[in-house]
Amino acid sequence: MDSNYSPDLITLLDEEGRELNLEILDIYEEDDRVFYALMPVYDNKEDLIYDSGEYTILEVVDEDGEEQLAEVEDTELKFRLSKIFEDRFNDMFYEN
């Protein structure tokens with residue numbers, strides 16, 4: 001096991017202006033679109049107890065000339081992307 005692991009972290013603001021610390025699990029590009037798989041990171045380890053353990057898929061969108069991350073609204077696209085990310089996670093963590 002590599003003891004020098006350092007996660008790629010990103011801080012986003014939610015709709016209410018609260019900071020969210022997230023780990024970038026993976027980035028997937030398709031047809032000039034970019035999608036991120038993100039997992040919450042907690043400063044307080046007790047907060048992990050209440051976390052669902054699920055990751056979030058967000059898409060890079062252009063909002064008034066500025067790149068932002070937005071929730072993927074299309075259910076079929078979200079399902080397809082989750083399958084792609086799950087396959088990629090399995091390839092990364094469970095080498096055949």
# chains A, B, ... in the order shown; residues from 1 in each chain; ligands from 1
>>> select_by_dssp(residues="chain A", states="helix (DSSP H, G or I)", output="ChimeraX atom specification")
/A:45-50,75-93
>>> write_last_selection(atoms="N, CA and C atoms", output="mmCIF file, in the first residue's frame")
data_model
loop_
_atom_site.group_PDB
_atom_site.id
_atom_site.type_symbol
_atom_site.label_atom_id
_atom_site.label_comp_id
_atom_site.auth_asym_id
_atom_site.auth_seq_id
_atom_site.Cartn_x
_atom_site.Cartn_y
_atom_site.Cartn_z
ATOM 1 N N LYS A 45 -14.077 13.590 12.103
ATOM 2 C CA LYS A 45 -14.253 12.186 11.754
ATOM 3 C C LYS A 45 -15.606 11.639 12.205
ATOM 4 N N GLU A 46 -16.214 12.224 13.227
ATOM 5 C CA GLU A 46 -17.529 11.785 13.683
ATOM 6 C C GLU A 46 -18.603 12.029 12.621
ATOM 7 N N ASP A 47 -18.382 13.004 11.735
ATOM 8 C CA ASP A 47 -19.334 13.281 10.664
ATOM 9 C C ASP A 47 -19.422 12.118 9.680
ATOM 10 N N LEU A 48 -18.397 11.291 9.618
ATOM 11 C CA LEU A 48 -18.410 10.120 8.731
ATOM 12 C C LEU A 48 -19.519 9.148 9.103
ATOM 13 N N ILE A 49 -19.899 9.131 10.370
ATOM 14 C CA ILE A 49 -20.948 8.227 10.840
ATOM 15 C C ILE A 49 -22.254 8.487 10.101
ATOM 16 N N TYR A 50 -22.524 9.740 9.796
ATOM 17 C CA TYR A 50 -23.791 10.128 9.188
ATOM 18 C C TYR A 50 -23.729 10.207 7.661
ATOM 19 N N THR A 75 -31.710 11.775 -15.738
ATOM 20 C CA THR A 75 -31.636 10.514 -14.997
ATOM 21 C C THR A 75 -30.915 9.432 -15.784
ATOM 22 N N GLU A 76 -31.220 9.315 -17.074
ATOM 23 C CA GLU A 76 -30.566 8.293 -17.894
ATOM 24 C C GLU A 76 -29.071 8.559 -18.019
ATOM 25 N N LEU A 77 -28.693 9.814 -18.205
ATOM 26 C CA LEU A 77 -27.276 10.177 -18.289
ATOM 27 C C LEU A 77 -26.590 9.890 -16.965
ATOM 28 N N LYS A 78 -27.229 10.249 -15.860
ATOM 29 C CA LYS A 78 -26.638 10.010 -14.546
ATOM 30 C C LYS A 78 -26.425 8.511 -14.309
ATOM 31 N N PHE A 79 -27.391 7.695 -14.704
ATOM 32 C CA PHE A 79 -27.269 6.244 -14.550
ATOM 33 C C PHE A 79 -26.108 5.717 -15.398
ATOM 34 N N ARG A 80 -26.039 6.177 -16.647
ATOM 35 C CA ARG A 80 -24.962 5.738 -17.550
ATOM 36 C C ARG A 80 -23.600 6.167 -17.019
ATOM 37 N N LEU A 81 -23.495 7.399 -16.531
ATOM 38 C CA LEU A 81 -22.233 7.886 -15.969
ATOM 39 C C LEU A 81 -21.841 7.111 -14.713
ATOM 40 N N SER A 82 -22.816 6.788 -13.876
ATOM 41 C CA SER A 82 -22.491 6.026 -12.665
ATOM 42 C C SER A 82 -21.942 4.657 -13.034
ATOM 43 N N LYS A 83 -22.473 4.049 -14.076
ATOM 44 C CA LYS A 83 -21.953 2.759 -14.548
ATOM 45 C C LYS A 83 -20.516 2.921 -15.048
ATOM 46 N N ILE A 84 -20.256 3.978 -15.798
ATOM 47 C CA ILE A 84 -18.899 4.245 -16.296
ATOM 48 C C ILE A 84 -17.937 4.457 -15.132
ATOM 49 N N PHE A 85 -18.326 5.293 -14.175
ATOM 50 C CA PHE A 85 -17.447 5.543 -13.023
ATOM 51 C C PHE A 85 -17.230 4.264 -12.215
ATOM 52 N N GLU A 86 -18.282 3.483 -11.988
ATOM 53 C CA GLU A 86 -18.135 2.238 -11.226
ATOM 54 C C GLU A 86 -17.154 1.289 -11.915
ATOM 55 N N ASP A 87 -17.264 1.174 -13.228
ATOM 56 C CA ASP A 87 -16.332 0.324 -13.981
ATOM 57 C C ASP A 87 -14.905 0.843 -13.843
ATOM 58 N N ARG A 88 -14.740 2.150 -13.923
ATOM 59 C CA ARG A 88 -13.401 2.740 -13.793
ATOM 60 C C ARG A 88 -12.851 2.552 -12.383
ATOM 61 N N PHE A 89 -13.711 2.679 -11.357
ATOM 62 C CA PHE A 89 -13.274 2.445 -9.979
ATOM 63 C C PHE A 89 -12.809 1.005 -9.818
ATOM 64 N N ASN A 90 -13.579 0.080 -10.363
ATOM 65 C CA ASN A 90 -13.194 -1.335 -10.278
ATOM 66 C C ASN A 90 -11.866 -1.584 -10.955
ATOM 67 N N ASP A 91 -11.650 -0.947 -12.098
ATOM 68 C CA ASP A 91 -10.354 -1.104 -12.807
ATOM 69 C C ASP A 91 -9.212 -0.537 -11.978
ATOM 70 N N MET A 92 -9.445 0.594 -11.298
ATOM 71 C CA MET A 92 -8.401 1.232 -10.507
ATOM 72 C C MET A 92 -8.059 0.446 -9.246
ATOM 73 N N PHE A 93 -9.101 -0.066 -8.578
ATOM 74 C CA PHE A 93 -8.893 -0.647 -7.250
ATOM 75 C C PHE A 93 -8.843 -2.163 -7.225
#
>>> residues_around(residues="region 33-41 of chain A", least_positions_apart="5", cutoff="6 Å", atoms="only C-alpha atoms", output="VMD selection string")
chain A and resid 21 to 28 55 to 60
>>> write_last_selection(atoms="C-alpha atoms", output="compact mmCIF listing (two decimals), in the first residue's frame")
# COMPACT_ATOMS: atom_id res chain seq x y z
CA ASN A 21 -14.85 19.95 0.86
CA LEU A 22 -14.80 17.15 -1.70
CA GLU A 23 -12.30 14.61 -2.95
CA ILE A 24 -12.05 14.20 -6.72
CA LEU A 25 -12.39 10.45 -7.25
CA ASP A 26 -12.30 10.55 -11.04
CA ILE A 27 -12.85 12.80 -14.05
CA TYR A 28 -14.53 11.55 -17.24
CA TYR A 55 -20.33 9.84 -4.38
CA THR A 56 -21.79 12.70 -6.41
CA ILE A 57 -21.51 13.21 -10.16
CA LEU A 58 -21.24 16.83 -11.30
CA GLU A 59 -20.77 18.32 -14.76
CA VAL A 60 -18.60 21.29 -15.73
>>> decode(residues="region 22-93 of chain A", atoms="C-alpha atoms", output="mmCIF file, in the first residue's frame")
data_model
loop_
_atom_site.group_PDB
_atom_site.id
_atom_site.type_symbol
_atom_site.label_atom_id
_atom_site.label_comp_id
_atom_site.auth_asym_id
_atom_site.auth_seq_id
_atom_site.Cartn_x
_atom_site.Cartn_y
_atom_site.Cartn_z
ATOM 1 C CA LEU A 22 -14.796 17.154 -1.700
ATOM 2 C CA GLU A 23 -12.303 14.605 -2.945
ATOM 3 C CA ILE A 24 -12.050 14.197 -6.720
ATOM 4 C CA LEU A 25 -12.386 10.451 -7.249
ATOM 5 C CA ASP A 26 -12.296 10.550 -11.045
ATOM 6 C CA ILE A 27 -12.852 12.796 -14.054
ATOM 7 C CA TYR A 28 -14.528 11.554 -17.244
ATOM 8 C CA GLU A 29 -14.698 13.403 -20.573
ATOM 9 C CA GLU A 30 -17.188 12.667 -23.338
ATOM 10 C CA ASP A 31 -18.231 14.695 -26.380
ATOM 11 C CA ASP A 32 -16.665 17.951 -25.136
ATOM 12 C CA ARG A 33 -18.348 17.481 -21.743
ATOM 13 C CA VAL A 34 -16.514 16.920 -18.450
ATOM 14 C CA PHE A 35 -17.916 15.037 -15.452
ATOM 15 C CA TYR A 36 -16.489 14.708 -11.940
ATOM 16 C CA ALA A 37 -17.081 11.935 -9.410
ATOM 17 C CA LEU A 38 -16.763 13.579 -5.972
ATOM 18 C CA MET A 39 -16.893 12.295 -2.387
ATOM 19 C CA PRO A 40 -17.364 14.483 0.716
ATOM 20 C CA VAL A 41 -14.348 15.027 2.977
ATOM 21 C CA TYR A 42 -14.920 15.774 6.643
ATOM 22 C CA ASP A 43 -12.712 17.621 9.101
ATOM 23 C CA ASN A 44 -14.547 15.977 11.987
ATOM 24 C CA LYS A 45 -14.253 12.186 11.754
ATOM 25 C CA GLU A 46 -17.529 11.785 13.683
ATOM 26 C CA ASP A 47 -19.334 13.281 10.664
ATOM 27 C CA LEU A 48 -18.410 10.120 8.731
ATOM 28 C CA ILE A 49 -20.948 8.227 10.840
ATOM 29 C CA TYR A 50 -23.791 10.128 9.188
ATOM 30 C CA ASP A 51 -22.400 10.042 5.631
ATOM 31 C CA SER A 52 -24.174 7.796 3.126
ATOM 32 C CA GLY A 53 -20.886 6.747 1.516
ATOM 33 C CA GLU A 54 -22.217 7.723 -1.903
ATOM 34 C CA TYR A 55 -20.325 9.836 -4.385
ATOM 35 C CA THR A 56 -21.785 12.695 -6.414
ATOM 36 C CA ILE A 57 -21.507 13.211 -10.162
ATOM 37 C CA LEU A 58 -21.240 16.833 -11.298
ATOM 38 C CA GLU A 59 -20.765 18.317 -14.764
ATOM 39 C CA VAL A 60 -18.605 21.289 -15.726
ATOM 40 C CA VAL A 61 -20.918 23.962 -17.177
ATOM 41 C CA ASP A 62 -20.336 27.487 -18.460
ATOM 42 C CA GLU A 63 -22.259 30.057 -16.438
ATOM 43 C CA ASP A 64 -21.794 33.586 -17.801
ATOM 44 C CA GLY A 65 -18.304 32.741 -19.074
ATOM 45 C CA GLU A 66 -17.250 31.079 -15.823
ATOM 46 C CA GLU A 67 -16.800 27.343 -15.331
ATOM 47 C CA GLN A 68 -18.962 25.883 -12.583
ATOM 48 C CA LEU A 69 -19.932 22.405 -11.444
ATOM 49 C CA ALA A 70 -23.608 21.503 -11.678
ATOM 50 C CA GLU A 71 -25.679 18.478 -10.804
ATOM 51 C CA VAL A 72 -26.476 16.121 -13.684
ATOM 52 C CA GLU A 73 -30.253 16.415 -14.066
ATOM 53 C CA ASP A 74 -30.840 13.798 -16.793
ATOM 54 C CA THR A 75 -31.636 10.514 -14.997
ATOM 55 C CA GLU A 76 -30.566 8.293 -17.894
ATOM 56 C CA LEU A 77 -27.276 10.177 -18.289
ATOM 57 C CA LYS A 78 -26.638 10.010 -14.546
ATOM 58 C CA PHE A 79 -27.269 6.244 -14.550
ATOM 59 C CA ARG A 80 -24.962 5.738 -17.550
ATOM 60 C CA LEU A 81 -22.233 7.886 -15.969
ATOM 61 C CA SER A 82 -22.491 6.026 -12.665
ATOM 62 C CA LYS A 83 -21.953 2.759 -14.548
ATOM 63 C CA ILE A 84 -18.899 4.245 -16.296
ATOM 64 C CA PHE A 85 -17.447 5.543 -13.023
ATOM 65 C CA GLU A 86 -18.135 2.238 -11.226
ATOM 66 C CA ASP A 87 -16.332 0.324 -13.981
ATOM 67 C CA ARG A 88 -13.401 2.740 -13.793
ATOM 68 C CA PHE A 89 -13.274 2.445 -9.979
ATOM 69 C CA ASN A 90 -13.194 -1.335 -10.278
ATOM 70 C CA ASP A 91 -10.354 -1.104 -12.807
ATOM 71 C CA MET A 92 -8.401 1.232 -10.507
ATOM 72 C CA PHE A 93 -8.893 -0.647 -7.250
#
